[in-house]
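Raw upload25.cif, mmCIF, C-alpha atoms and all ligand atoms:
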```
data_input
#
loop_
_atom_site.label_atom_id
_atom_site.label_comp_id
_atom_site.auth_asym_id
_atom_site.auth_seq_id
_atom_site.Cartn_x
_atom_site.Cartn_y
_atom_site.Cartn_z
CA MET Z 54 -39.60 14.71 4.63
CA THR Z 55 -40.45 17.88 2.66
CA ALA Z 56 -40.70 17.96 -1.13
CA ALA Z 57 -37.63 20.21 -1.21
CA ALA Z 58 -35.65 17.66 0.78
CA GLU Z 59 -36.84 14.91 -1.53
CA ALA Z 60 -35.66 16.81 -4.58
CA ALA Z 61 -32.35 17.67 -2.91
CA ILE Z 62 -31.51 14.08 -2.05
CA SER Z 63 -31.31 12.91 -5.64
CA ASN Z 64 -28.96 15.77 -6.53
CA VAL Z 65 -26.05 15.10 -4.23
CA PRO Z 66 -23.17 15.40 -4.30
CA ASP Z 67 -22.53 18.61 -6.25
CA ALA Z 68 -19.57 18.88 -8.64
CA ALA Z 69 -17.17 19.51 -5.76
CA GLY Z 70 -18.38 16.51 -3.78
CA HIS Z 71 -20.57 18.35 -1.27
CA PHE Z 72 -23.54 16.64 0.31
CA GLY Z 73 -25.11 19.83 1.67
CA PRO Z 74 -22.62 21.12 4.23
CA TYR Z 75 -20.78 17.77 4.30
CA GLY Z 76 -18.13 16.12 2.15
CA GLY Z 77 -15.81 18.17 -0.04
CA ARG Z 78 -12.06 17.92 -0.23
CA TYR Z 79 -9.99 18.95 2.79
CA VAL Z 80 -6.50 17.79 1.89
CA PRO Z 81 -2.93 19.09 1.67
CA GLU Z 82 -1.97 20.67 -1.69
CA THR Z 83 0.02 17.61 -2.71
CA LEU Z 84 -3.12 15.47 -2.77
CA VAL Z 85 -5.23 17.82 -4.86
CA TYR Z 86 -3.72 16.77 -8.17
CA PRO Z 87 -4.04 12.99 -7.62
CA LEU Z 88 -7.65 13.45 -6.48
CA GLN Z 89 -8.46 15.54 -9.56
CA GLU Z 90 -6.85 12.95 -11.80
CA LEU Z 91 -8.85 10.19 -10.10
CA GLU Z 92 -12.06 12.19 -10.37
CA ARG Z 93 -11.60 12.72 -14.10
CA GLU Z 94 -10.81 9.06 -14.74
CA TYR Z 95 -13.65 7.81 -12.54
CA PHE Z 96 -16.31 9.89 -14.29
CA ARG Z 97 -14.90 8.87 -17.66
CA CYS Z 98 -15.16 5.19 -16.68
CA GLN Z 99 -18.68 5.67 -15.38
CA GLN Z 100 -19.78 6.83 -18.85
CA ASP Z 101 -17.83 4.18 -20.69
CA PRO Z 102 -19.88 1.12 -21.75
CA GLU Z 103 -16.68 -0.93 -22.16
CA PHE Z 104 -15.69 -0.23 -18.52
CA GLN Z 105 -19.19 -1.10 -17.33
CA ARG Z 106 -19.14 -4.33 -19.32
CA GLU Z 107 -15.80 -5.33 -17.83
CA LEU Z 108 -17.01 -4.48 -14.31
CA SER Z 109 -20.19 -6.55 -14.77
CA TYR Z 110 -18.18 -9.46 -16.11
CA TYR Z 111 -15.90 -9.65 -13.05
CA LEU Z 112 -18.76 -9.01 -10.62
CA ARG Z 113 -20.58 -12.01 -12.07
CA GLU Z 114 -17.74 -14.42 -12.84
CA PHE Z 115 -15.23 -13.64 -10.10
CA VAL Z 116 -17.08 -11.94 -7.24
CA GLY Z 117 -20.26 -14.02 -7.39
CA ARG Z 118 -23.07 -11.54 -8.07
CA PRO Z 119 -26.00 -11.41 -7.87
CA THR Z 120 -26.29 -12.39 -4.21
CA PRO Z 121 -29.54 -13.98 -3.00
CA LEU Z 122 -32.26 -12.07 -1.16
CA TYR Z 123 -33.03 -14.81 1.33
CA PHE Z 124 -36.20 -15.14 3.41
CA ALA Z 125 -35.17 -15.83 7.02
CA GLU Z 126 -38.11 -18.05 7.83
CA ARG Z 127 -37.24 -19.33 11.29
CA LEU Z 128 -36.06 -15.95 12.58
CA THR Z 129 -39.26 -14.38 11.24
CA ARG Z 130 -41.45 -17.03 12.86
CA GLU Z 131 -39.72 -16.78 16.20
CA LEU Z 132 -40.02 -12.99 16.34
CA GLY Z 133 -43.65 -13.13 15.23
CA GLY Z 134 -43.74 -9.85 13.27
CA ALA Z 135 -42.41 -8.48 9.98
CA LYS Z 136 -41.07 -10.81 7.30
CA ILE Z 137 -37.26 -10.61 7.40
CA TYR Z 138 -35.21 -10.89 4.21
CA LEU Z 139 -31.41 -11.03 4.26
CA LYS Z 140 -29.34 -9.54 1.44
CA ARG Z 141 -26.52 -12.09 1.33
CA GLU Z 142 -23.37 -10.03 0.73
CA ASP Z 143 -21.66 -12.53 3.05
CA LEU Z 144 -21.71 -14.98 0.14
CA LEU Z 145 -19.45 -12.86 -2.06
CA HIS Z 146 -15.88 -13.96 -2.80
CA THR Z 147 -13.67 -13.01 0.19
CA GLY Z 148 -16.73 -12.88 2.46
CA ALA Z 149 -17.98 -9.28 2.53
CA HIS Z 150 -19.37 -6.47 0.39
CA LYS Z 151 -15.94 -4.77 0.29
CA ILE Z 152 -14.94 -6.50 -2.94
CA ASN Z 153 -17.60 -4.63 -4.99
CA ASN Z 154 -15.60 -1.45 -4.47
CA ALA Z 155 -12.10 -2.97 -4.46
CA LEU Z 156 -12.79 -4.51 -7.87
CA GLY Z 157 -14.17 -1.27 -9.33
CA GLN Z 158 -11.22 0.78 -8.14
CA ALA Z 159 -8.68 -1.81 -9.32
CA LEU Z 160 -10.20 -1.57 -12.80
CA ILE Z 161 -9.81 2.22 -12.66
CA ALA Z 162 -6.19 1.82 -11.52
CA LYS Z 163 -5.54 -0.35 -14.56
CA ARG Z 164 -7.09 2.28 -16.81
CA MET Z 165 -4.78 4.88 -15.30
CA ASN Z 166 -1.80 2.58 -15.98
CA LYS Z 167 -0.99 2.33 -12.29
CA THR Z 168 0.99 -0.77 -11.44
CA ARG Z 169 0.68 -0.59 -7.66
CA VAL Z 170 -2.31 -0.35 -5.34
CA ILE Z 171 -2.37 0.46 -1.64
CA ALA Z 172 -5.13 0.35 0.96
CA GLU Z 173 -5.90 0.81 4.64
CA THR Z 174 -7.72 -1.90 6.54
CA GLY Z 175 -9.31 -2.29 9.98
CA ALA Z 176 -10.68 -5.78 10.47
CA GLY Z 177 -8.78 -6.85 7.38
CA GLN Z 178 -11.77 -7.42 5.10
CA HIS Z 179 -10.93 -4.50 2.83
CA GLY Z 180 -7.27 -5.51 2.85
CA VAL Z 181 -8.17 -9.03 1.78
CA ALA Z 182 -10.51 -7.76 -0.95
CA THR Z 183 -7.80 -5.42 -2.27
CA ALA Z 184 -5.07 -8.08 -2.11
CA THR Z 185 -7.42 -10.42 -3.99
CA VAL Z 186 -8.18 -8.12 -6.91
CA ALA Z 187 -4.52 -7.05 -7.03
CA ALA Z 188 -3.47 -10.70 -7.42
CA MET Z 189 -6.15 -11.25 -10.05
CA PHE Z 190 -4.96 -8.27 -12.14
CA GLY Z 191 -1.22 -8.66 -11.43
CA LEU Z 192 -0.85 -5.40 -9.49
CA GLN Z 193 1.69 -4.84 -6.73
CA CYS Z 194 -0.12 -4.43 -3.41
CA VAL Z 195 0.67 -2.88 -0.02
CA ILE Z 196 -1.84 -2.89 2.86
CA TYR Z 197 -1.52 -0.60 5.90
CA MET Z 198 -3.00 -2.01 9.08
CA GLY Z 199 -2.80 -0.82 12.69
CA ALA Z 200 -0.52 -3.02 14.80
CA VAL Z 201 -3.37 -3.69 17.25
CA ASP Z 202 -5.64 -4.79 14.39
CA CYS Z 203 -2.90 -7.05 12.97
CA GLU Z 204 -2.98 -8.94 16.26
CA ARG Z 205 -6.78 -8.98 16.58
CA GLN Z 206 -7.28 -10.16 13.01
CA ALA Z 207 -4.26 -12.40 12.42
CA LEU Z 208 -6.20 -14.71 10.10
CA ASN Z 209 -6.79 -11.87 7.62
CA VAL Z 210 -3.12 -10.84 7.82
CA TYR Z 211 -2.15 -14.35 6.70
CA ARG Z 212 -4.74 -14.29 3.93
CA MET Z 213 -3.33 -11.03 2.54
CA LYS Z 214 0.22 -12.39 2.67
CA MET Z 215 -0.80 -15.58 0.92
CA LEU Z 216 -2.33 -13.45 -1.82
CA GLY Z 217 1.06 -11.80 -2.34
CA ALA Z 218 0.44 -8.47 -0.60
CA ASP Z 219 2.86 -6.70 1.75
CA VAL Z 220 1.16 -5.96 5.06
CA VAL Z 221 2.69 -2.99 6.88
CA PRO Z 222 1.81 -2.75 10.59
CA VAL Z 223 1.28 0.85 11.73
CA HIS Z 224 2.61 1.63 15.21
CA ALA Z 225 1.48 5.27 15.52
CA GLY Z 226 -1.23 6.55 17.91
CA GLN Z 227 -4.05 4.17 18.79
CA ARG Z 228 -2.52 1.70 16.25
CA THR Z 229 -5.85 1.05 14.52
CA LEU Z 230 -7.77 2.16 11.44
CA LYS Z 231 -7.32 5.95 11.64
CA GLU Z 232 -3.53 5.62 11.75
CA ALA Z 233 -3.60 3.11 8.87
CA VAL Z 234 -5.45 5.69 6.73
CA ASN Z 235 -2.80 8.32 7.56
CA GLU Z 236 -0.01 5.99 6.45
CA ALA Z 237 -1.80 5.09 3.23
CA MET Z 238 -2.23 8.79 2.39
CA ARG Z 239 1.45 9.41 3.07
CA ASP Z 240 2.42 6.57 0.73
CA TRP Z 241 0.05 7.85 -1.95
CA VAL Z 242 1.48 11.37 -1.93
CA THR Z 243 4.98 9.95 -2.35
CA ASN Z 244 4.24 7.32 -5.01
CA VAL Z 245 1.28 8.74 -6.88
CA ARG Z 246 2.82 8.37 -10.33
CA HIS Z 247 2.42 4.60 -10.34
CA THR Z 248 0.17 4.05 -7.30
CA HIS Z 249 -3.59 4.16 -6.77
CA TYR Z 250 -5.06 4.34 -3.25
CA ILE Z 251 -8.10 2.02 -2.97
CA LEU Z 252 -9.96 3.61 -0.07
CA GLY Z 253 -12.31 1.08 1.52
CA THR Z 254 -15.46 2.95 2.50
CA ALA Z 255 -17.77 5.79 1.45
CA TYR Z 256 -15.54 8.29 3.17
CA GLY Z 257 -12.59 10.62 2.51
CA ALA Z 258 -12.01 13.44 0.03
CA HIS Z 259 -14.06 13.80 -3.18
CA PRO Z 260 -14.46 11.67 -5.33
CA TYR Z 261 -14.15 8.74 -2.90
CA PRO Z 262 -17.56 9.00 -1.15
CA VAL Z 263 -19.53 9.17 -4.41
CA MET Z 264 -17.32 6.65 -6.24
CA VAL Z 265 -17.42 4.05 -3.46
CA ARG Z 266 -21.18 4.52 -3.06
CA ASN Z 267 -21.71 3.98 -6.77
CA PHE Z 268 -19.69 0.75 -6.77
CA HIS Z 269 -21.94 -0.57 -3.97
CA ARG Z 270 -25.24 0.67 -5.42
CA ILE Z 271 -25.65 -2.71 -7.05
CA ILE Z 272 -26.60 -4.14 -3.62
CA GLY Z 273 -29.77 -2.06 -3.51
CA GLU Z 274 -30.50 -2.36 -7.22
CA GLU Z 275 -30.49 -6.15 -6.95
CA ALA Z 276 -32.47 -6.14 -3.69
CA ARG Z 277 -35.14 -3.88 -5.20
CA ALA Z 278 -35.66 -6.14 -8.21
CA GLN Z 279 -35.58 -9.25 -6.01
CA ILE Z 280 -38.18 -8.06 -3.49
CA LEU Z 281 -40.45 -6.92 -6.33
CA ALA Z 282 -40.15 -10.37 -7.92
CA GLN Z 283 -40.69 -12.25 -4.64
CA GLU Z 284 -43.31 -10.06 -2.94
CA GLN Z 285 -44.62 -7.87 -5.78
CA ARG Z 286 -44.02 -4.77 -3.69
CA LEU Z 287 -41.35 -2.60 -2.10
CA PRO Z 288 -40.12 -3.26 1.45
CA ASP Z 289 -41.27 -1.23 4.46
CA LEU Z 290 -37.90 -1.06 6.16
CA LEU Z 291 -34.20 -1.40 5.26
CA LEU Z 292 -31.55 -2.05 7.90
CA ALA Z 293 -27.75 -1.92 7.56
CA CYS Z 294 -24.80 -1.41 9.87
CA VAL Z 295 -22.80 1.81 9.45
CA GLY Z 296 -19.03 2.05 9.85
CA GLY Z 297 -17.81 4.45 7.17
CA GLY Z 298 -21.17 3.73 5.58
CA SER Z 299 -20.52 1.87 2.33
CA ASN Z 300 -22.69 -1.23 2.71
CA ALA Z 301 -25.55 0.88 4.08
CA ILE Z 302 -25.51 3.50 1.31
CA GLY Z 303 -25.11 0.67 -1.20
CA LEU Z 304 -28.40 -0.87 -0.04
CA PHE Z 305 -30.26 2.41 0.61
CA HIS Z 306 -29.44 4.33 -2.54
CA ALA Z 307 -31.80 2.55 -4.93
CA PHE Z 308 -34.72 3.25 -2.55
CA LEU Z 309 -34.06 6.89 -1.61
CA GLU Z 310 -36.74 8.18 -3.92
CA ASP Z 311 -39.39 5.78 -2.61
CA PRO Z 312 -40.77 7.82 0.29
CA LYS Z 313 -42.65 4.87 1.79
CA VAL Z 314 -39.50 2.81 2.23
CA ARG Z 315 -38.09 3.61 5.67
CA MET Z 316 -34.39 3.14 6.32
CA CYS Z 317 -32.30 2.81 9.40
CA GLY Z 318 -28.51 2.74 9.78
CA VAL Z 319 -27.13 0.98 12.85
CA GLU Z 320 -23.95 2.27 14.42
CA ALA Z 321 -21.73 0.64 17.03
CA GLY Z 322 -23.05 1.37 20.52
CA GLY Z 323 -20.08 -0.43 22.09
CA LEU Z 324 -20.38 -0.46 25.87
CA GLY Z 325 -22.99 2.31 25.82
CA ILE Z 326 -23.09 6.00 24.87
CA VAL Z 327 -20.25 7.19 27.10
CA PRO Z 328 -17.25 9.04 25.57
CA GLU Z 329 -14.58 6.64 24.20
CA LYS Z 330 -16.78 3.58 24.74
CA HIS Z 331 -18.68 3.58 21.44
CA ALA Z 332 -18.54 4.62 17.77
CA ALA Z 333 -22.06 6.06 17.32
CA ARG Z 334 -21.27 9.33 15.53
CA PHE Z 335 -24.91 10.41 15.40
CA HIS Z 336 -25.15 9.95 19.18
CA GLY Z 337 -22.44 12.19 20.53
CA GLY Z 338 -20.63 13.37 17.40
CA SER Z 339 -20.45 16.90 16.02
CA LEU Z 340 -19.45 18.68 12.83
CA GLY Z 341 -15.77 18.46 12.02
CA VAL Z 342 -13.12 17.56 9.44
CA LEU Z 343 -11.20 14.31 9.48
CA GLN Z 344 -9.12 12.62 6.80
CA GLY Z 345 -10.25 14.73 3.89
CA THR Z 346 -13.94 15.28 4.48
CA ARG Z 347 -16.47 17.18 6.61
CA SER Z 348 -18.95 15.12 8.59
CA TYR Z 349 -20.17 14.03 12.02
CA ILE Z 350 -17.13 13.20 14.11
CA LEU Z 351 -16.52 12.01 17.65
CA GLN Z 352 -14.26 14.70 19.09
CA ASP Z 353 -13.61 16.39 22.41
CA ASP Z 354 -14.18 20.08 23.23
CA HIS Z 355 -10.80 20.96 21.70
CA GLY Z 356 -11.50 19.17 18.41
CA GLN Z 357 -9.22 16.26 19.29
CA ILE Z 358 -10.48 12.98 17.84
CA GLN Z 359 -11.87 10.74 20.56
CA LEU Z 360 -10.99 7.13 21.11
CA THR Z 361 -13.73 4.76 20.01
CA HIS Z 362 -14.74 1.26 20.94
CA SER Z 363 -16.71 -1.53 19.31
CA VAL Z 364 -16.61 -5.30 19.48
CA SER Z 365 -16.46 -5.13 15.67
CA ALA Z 366 -13.30 -3.59 14.19
CA GLY Z 367 -15.15 -2.63 10.99
CA LEU Z 368 -17.48 -0.19 12.79
CA ASP Z 369 -14.81 1.22 15.09
CA TYR Z 370 -14.13 4.63 13.49
CA ALA Z 371 -14.58 8.19 14.77
CA ALA Z 372 -16.26 9.60 11.63
CA VAL Z 373 -19.09 8.65 9.30
CA GLY Z 374 -19.42 9.08 5.52
CA PRO Z 375 -20.67 12.55 4.48
CA GLU Z 376 -23.70 11.27 2.57
CA HIS Z 377 -25.02 9.67 5.75
CA ALA Z 378 -24.55 12.96 7.61
CA TRP Z 379 -26.63 14.61 4.92
CA LEU Z 380 -29.36 11.93 4.90
CA HIS Z 381 -29.48 12.15 8.69
CA ASP Z 382 -30.07 15.90 8.63
CA GLN Z 383 -32.70 15.56 5.88
CA GLY Z 384 -34.57 13.08 8.07
CA ARG Z 385 -34.52 10.59 5.19
CA VAL Z 386 -32.61 7.92 7.09
CA GLU Z 387 -32.84 7.24 10.80
CA TYR Z 388 -29.67 6.26 12.70
CA THR Z 389 -29.65 4.14 15.81
CA TYR Z 390 -27.08 1.95 17.50
CA ALA Z 391 -26.67 -1.56 18.87
CA THR Z 392 -24.38 -2.31 21.81
CA ASP Z 393 -21.68 -5.00 21.81
CA ASP Z 394 -23.93 -7.26 23.88
CA LYS Z 395 -26.91 -6.91 21.55
CA ALA Z 396 -24.69 -7.58 18.52
CA LEU Z 397 -23.26 -10.72 20.12
CA GLU Z 398 -26.74 -11.94 20.99
CA ALA Z 399 -27.85 -11.37 17.39
CA PHE Z 400 -24.73 -13.18 16.10
CA THR Z 401 -25.62 -16.31 18.07
CA ARG Z 402 -29.31 -16.13 17.29
CA LEU Z 403 -28.82 -15.90 13.53
CA ALA Z 404 -26.31 -18.75 13.62
CA ARG Z 405 -28.67 -21.07 15.51
CA LEU Z 406 -31.92 -20.12 13.81
CA GLU Z 407 -30.77 -19.72 10.23
CA GLY Z 408 -27.47 -21.59 9.87
CA ILE Z 409 -25.70 -18.35 8.97
CA ILE Z 410 -22.73 -17.03 10.98
CA PRO Z 411 -22.74 -13.25 10.35
CA ALA Z 412 -19.86 -10.79 10.70
CA LEU Z 413 -19.97 -8.92 14.01
CA GLU Z 414 -20.50 -5.73 11.99
CA SER Z 415 -23.58 -7.16 10.25
CA SER Z 416 -24.80 -8.50 13.60
CA HIS Z 417 -25.53 -4.89 14.61
CA ALA Z 418 -28.11 -4.67 11.81
CA VAL Z 419 -29.52 -8.07 12.77
CA ALA Z 420 -29.85 -6.84 16.39
CA GLU Z 421 -32.03 -3.95 15.22
CA ALA Z 422 -34.14 -6.35 13.14
CA ILE Z 423 -34.67 -8.49 16.25
CA ARG Z 424 -35.72 -5.41 18.22
CA ARG Z 425 -38.13 -4.08 15.61
CA ALA Z 426 -39.69 -7.06 13.86
CA PRO Z 427 -42.04 -8.02 16.73
CA GLU Z 428 -43.49 -4.48 16.77
CA MET Z 429 -44.34 -4.62 13.07
CA PRO Z 430 -47.37 -6.29 11.44
CA LYS Z 431 -46.94 -9.76 9.96
CA ASP Z 432 -47.38 -8.51 6.41
CA ALA Z 433 -44.61 -5.89 6.76
CA LEU Z 434 -41.38 -6.52 4.83
CA MET Z 435 -37.90 -5.80 6.06
CA ILE Z 436 -34.53 -6.21 4.32
CA VAL Z 437 -31.39 -6.57 6.42
CA ASN Z 438 -28.03 -6.16 4.71
CA LEU Z 439 -25.84 -9.07 5.76
CA SER Z 440 -22.64 -7.25 4.85
CA GLY Z 441 -20.24 -10.09 5.64
CA ARG Z 442 -19.70 -13.55 7.05
CA GLY Z 443 -18.44 -14.16 10.57
CA ASP Z 444 -15.54 -16.56 10.06
CA LYS Z 445 -13.05 -13.81 10.93
CA ASP Z 446 -14.86 -13.26 14.27
CA VAL Z 447 -15.26 -16.85 15.39
CA ALA Z 448 -12.23 -16.95 17.74
CA GLN Z 449 -13.18 -13.63 19.36
CA VAL Z 450 -16.80 -14.66 19.92
CA ALA Z 451 -15.78 -18.09 21.22
CA ALA Z 452 -13.54 -16.41 23.80
CA ARG Z 453 -16.32 -14.05 24.91
CA LEU Z 454 -18.88 -16.82 25.18
CA ASN Z 455 -16.38 -19.00 27.05
CA LEU Z 456 -16.81 -21.83 24.60
CA ALA Z 457 -14.47 -24.65 25.56
CA MET Z 458 -12.68 -26.84 23.03
CA PRO Z 459 -13.77 -30.48 23.26
CA VAL Z 460 -10.84 -32.61 24.46
C1 LIG Y 501 -15.92 -3.06 6.65
C2 LIG Y 501 -17.18 -3.71 7.01
C3 LIG Y 501 -18.30 -2.98 7.48
C4 LIG Y 501 -18.27 -1.51 7.74
O1 LIG Y 501 -17.98 -0.71 6.65
P1 LIG Y 501 -19.09 0.12 5.87
O2 LIG Y 501 -18.28 0.94 4.94
O3 LIG Y 501 -19.84 0.93 6.88
O4 LIG Y 501 -19.96 -0.84 5.19
C5 LIG Y 501 -19.48 -3.66 7.71
N1 LIG Y 501 -19.57 -4.99 7.55
C6 LIG Y 501 -18.51 -5.73 7.13
C7 LIG Y 501 -18.68 -7.20 6.99
C8 LIG Y 501 -17.30 -5.12 6.85
O5 LIG Y 501 -16.26 -5.86 6.44
#
```
Using C-alpha cells, write down the structure that the file contains.
Amino acid sequence: MTAAAEAAISNVPDAAGHFGPYGGRYVPETLVYPLQELEREYFRCQQDPEFQRELSYYLREFVGRPTPLYFAERLTRELGGAKIYLKREDLLHTGAHKINNALGQALIAKRMNKTRVIAETGAGQHGVATATVAAMFGLQCVIYMGAVDCERQALNVYRMKMLGADVVPVHAGQRTLKEAVNEAMRDWVTNVRHTHYILGTAYGAHPYPVMVRNFHRIIGEEARAQILAQEQRLPDLLLACVGGGSNAIGLFHAFLEDPKVRMCGVEAGGLGIVPEKHAARFHGGSLGVLQGTRSYILQDDHGQIQLTHSVSAGLDYAAVGPEHAWLHDQGRVEYTYATDDKALEAFTRLARLEGIIPALESSHAVAEAIRRAPEMPKDALMIVNLSGRGDKDVAQVAARLNLAMPV
C-alpha cells in the first residue's frame, strides 16, 4: 500500500458518499429528498451526545454489548498454527450483528418522528432484528422478503410475525433478496412522510453505506481493545464474511490505519466460480450500478444482473458494498471466497471443536481461518468475526448431511 493510498483510506467517503469511483447516489428523483433528509438527520445524530448516550444504553442493556473476544483453543491446537480468536457477534440479542444497525436506524427514525419502519431481508436475520427494535420502540413494522426465502427461512418468518411485524412475500423475479429491496424502495417512496427504510447492510445510496458502517464500527473498536488487553499487541490477520459487507467493514474499520494488520473478506464461492453458481463479486464481477450505488456487480455482457448462488442466503447477492470495492482496489483488504462445501465443513468443525454452531455465512470466514492458520507461525494472532449463530441453518445443514432423526 502506498502512502497516498493510506491517506486516502481514512478520508472516504466524500460529502456525496463516494468511495473513490464507487458509492454515490443513483436513484430516481423521488428518492433524492428522503435520502437528503436522512443524511441530514444522521449526521446531526452522530454529533449529538444525547443520541450517542441513548445508543450506548440500548447496545449495552438490550442488545448485549460488548461481545466477548474468545480464544478458540481446541481449533487453534488442532490446526497447529496461528492463535484464533472469535469475535462473538453470534451472542447478540436476535443472534447476529444485524441488530447493531437496526437499533441505530430505529433511533434515527424516532428522532425524525417516523411511526413506521420497513426493511428488506434475505435469510431473515435483518428482518428479525428490525421487527425486534420496532416492537421495543412501538413502531409499526413491515418486512419485505422474497417468496423463496420465506420458504427457506420459515423459522425467521414466524419470529417476525410473533414480534408483531407484517411480513410481505415478494413474488417478482428470482423471488429473493434483490426483489425484496425493490419492493422496500417502492414502499418508501410512497410512504416517506411517516416511514423510515432500515436498509440492512453497508450498501445502497448515500448515506446508507457510511451510516451502516458506522453503526457496526463498534465490533472492531471492541475487538481492538480486547486483543490489546489479552495479547498486548495488535492482530496479524482479520477475517470476515462479505455479503453486502456490513459485518466485515464493522470489524475492519478500526484497524484500517494499522498497516501491519492484514485483512481478508470472504465471499460466497457457492459451487465454484462459474456464472450463476456463486456470489463472489471480486471474482467475476465488474463495475456497475445496482440499487442506488456504484460497485462491483455480477452482470452479463449486456449489464443484466446475473443469478447468484450460495448455501447461505445472507451472502447471496449480486453486488458488494462500495467501501469494499474501494478497499479492494487500494489493495488494503484482500478478498477471497469459500465454497459451499468448505463452509459446511467449517460449520461442523467449529460445532464439534468449540461447542459453537455458527451461521452458514460466518462459516465462510471460519473456512478461511482453517485454510490459513496452519501456514502461519504459532505466535501469529488472527481474529475471525463470528457474525451470527447457526440456529436458523440447522434444518438445512441436517438435510445436507443426511442426519437422521432418532426414532
Ligand atoms: C446478513 C448476514 C451476513 C451478511 O451480511 P453483511 O452485511 O455482509 O455482514 C453475514 N452473517 C450473518 C450472520 C448475517 O445475518
Checklist outcome for this item: note - atom CA of Met435 of chain Z and atom CA of Leu292 of chain Z are separated by 7.6 Å
Residues of chain Z within 7 Å of ligand LIG 501 (chain Y): nearest atom pair and distance (Å, one decimal) for each, counting only C-alpha atoms and all ligand atoms, sorted by chain and number, as a Markdown table?
```
| residue | atom | partner | partner_atom | distance |
| --- | --- | --- | --- | --- |
| Z:Ala149 | CA | Y:LIG501 | C7 | 5.0 |
| Z:His150 | CA | Y:LIG501 | C7 | 6.7 |
| Z:Lys151 | CA | Y:LIG501 | O5 | 6.3 |
| Z:Ala176 | CA | Y:LIG501 | O5 | 6.9 |
| Z:Gln178 | CA | Y:LIG501 | O5 | 4.9 |
| Z:His179 | CA | Y:LIG501 | C1 | 6.4 |
| Z:Gly253 | CA | Y:LIG501 | O2 | 6.9 |
| Z:Thr254 | CA | Y:LIG501 | O2 | 4.2 |
| Z:Ala255 | CA | Y:LIG501 | O2 | 6.0 |
| Z:Cys294 | CA | Y:LIG501 | C5 | 6.2 |
| Z:Val295 | CA | Y:LIG501 | O3 | 4.0 |
| Z:Gly296 | CA | Y:LIG501 | O3 | 3.3 |
| Z:Gly297 | CA | Y:LIG501 | O3 | 4.1 |
| Z:Gly298 | CA | Y:LIG501 | O3 | 3.4 |
| Z:Ser299 | CA | Y:LIG501 | O2 | 3.6 |
| Z:Asn300 | CA | Y:LIG501 | O4 | 3.7 |
| Z:Ala301 | CA | Y:LIG501 | O4 | 6.0 |
| Z:Gly367 | CA | Y:LIG501 | C1 | 4.4 |
| Z:Leu368 | CA | Y:LIG501 | C4 | 5.3 |
| Z:Ala412 | CA | Y:LIG501 | C7 | 5.3 |
| Z:Glu414 | CA | Y:LIG501 | N1 | 4.6 |
| Z:Ser415 | CA | Y:LIG501 | N1 | 5.3 |
| Z:Ser440 | CA | Y:LIG501 | C7 | 4.5 |
| Z:Gly441 | CA | Y:LIG501 | C7 | 3.6 |
| Z:Arg442 | CA | Y:LIG501 | C7 | 6.4 |
```
Checklist entry - Smallest atom-to-atom distance to Gln158 of chain Z: which of Z:Ile251, Z:Met213, Z:Leu309, Z:Met316, using all atoms listed in the file? => result Z:Ile251
Checklist entry - Quick one: distance from atom CA of Cys203 of chain Z to atom CA of Val234 of chain Z in Å, one decimal? => result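 That distance, rounded to one decimal, is 14.4 Å.
Nearest to Ala159 of chain Z of all the residues Z:Gln283, Z:Thr392, Z:Thr248, Z:Gln89 is Z:Thr248, based on all atoms listed in the file.
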Checklist entry - What's the 10 Å shell around His336 of chain Z, counting only C-alpha atoms, without same-chain residues fewer than 5 positions away, as a list in words? => result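 Once the adjacent positions are removed, what remains is Glu320, Gly322, Ile326, Val327, His331, Tyr349, Leu351, Tyr388, Thr389 and Tyr390 of chain Z.
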Next on the checklist: Between atom CA of Asn153 of chain Z and atom CA of Val265 of chain Z, what is the distance in Å, rounded to a tenth?
Outcome noted: 8.8 Å
Item to check | Near-His247 of chain Z list (9 Å; all atoms listed in the file; drop same-chain fewer than 6 positions) as a ChimeraX atom specification | outcome: /Z:165-170
Checklist entry - Hey, what's within 10 Å of Lys313 of chain Z if we count all atoms listed in the file and toss same-chain stuff fewer than 5 positions away? As an MDAnalysis selection string, please? => result chainID Z and resid 287:290 308
Next on the checklist: Ranking Z:Asn64, Z:Thr229, Z:Thr83, Z:Ser416 by minimum distance to Val242 of chain Z and counting all atoms listed in the file, which one comes first?
Outcome noted: Z:Thr83
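With distances restricted to only C-alpha atoms, Z:Trp379 is the closest residue to Val65 of chain Z from Z:Phe115, Z:Phe190, Z:Phe104, Z:Trp379.
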Checklist entry - Given the choices Z:Asn267, Z:Thr401, Z:Ser365, Z:Gln344, which gets closest to Gln99 of chain Z if the distance is worked out from only C-alpha atoms? => result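 Closest to Gln99 of chain Z of all the choices is Z:Asn267.
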Next on the checklist: Show me the residues close to (-21.4, 14.2, 12.8) - anything with an atom within 10 Å, counting all atoms listed in the file - and format the list as a list in words.
Outcome noted: Tyr75, Ala333, Arg334, Phe335, His336, Gly337, Gly338, Ser339, Leu340, Gly341, Val342, Arg347, Ser348, Tyr349, Ile350, Leu351, Gln352, Ala371, Ala372, Val373, Gly374, Pro375, His377, Ala378, Trp379, His381 and Asp382 of chain Z
Checklist entry - Do you know which residues lie at most 7 Å from (-13.2, 5.2, 24.0), with coordinates as in the file and only C-alpha atoms counted, and could you write them as a PyMOL selection string? => result chain Z and resi 328-331+359-362
Next on the checklist: For Asp444 of chain Z, find every residue with an atom within 12 Å (counting all atoms listed in the file), except residues of its own chain fewer than 6 positions away, and show them as a VMD selection string.
Outcome noted: chain Z and resid 143 to 144 147 to 149 176 178 206 208 to 209 400 404 409 to 413 450 to 451
Item to check | Residue nearest Lys231 of chain Z - candidates Z:Ala278, Z:Thr243, Z:Met198, Z:Ala321, atoms counted: only C-alpha atoms | outcome: Z:Met198
Item to check | Gln193 of chain Z environment, 9 Å, all atoms listed in the file, sequence neighbours closer than 4 positions dropped, as a PyMOL selection string | outcome: chain Z and resi 168-171+184+187-188+217-219
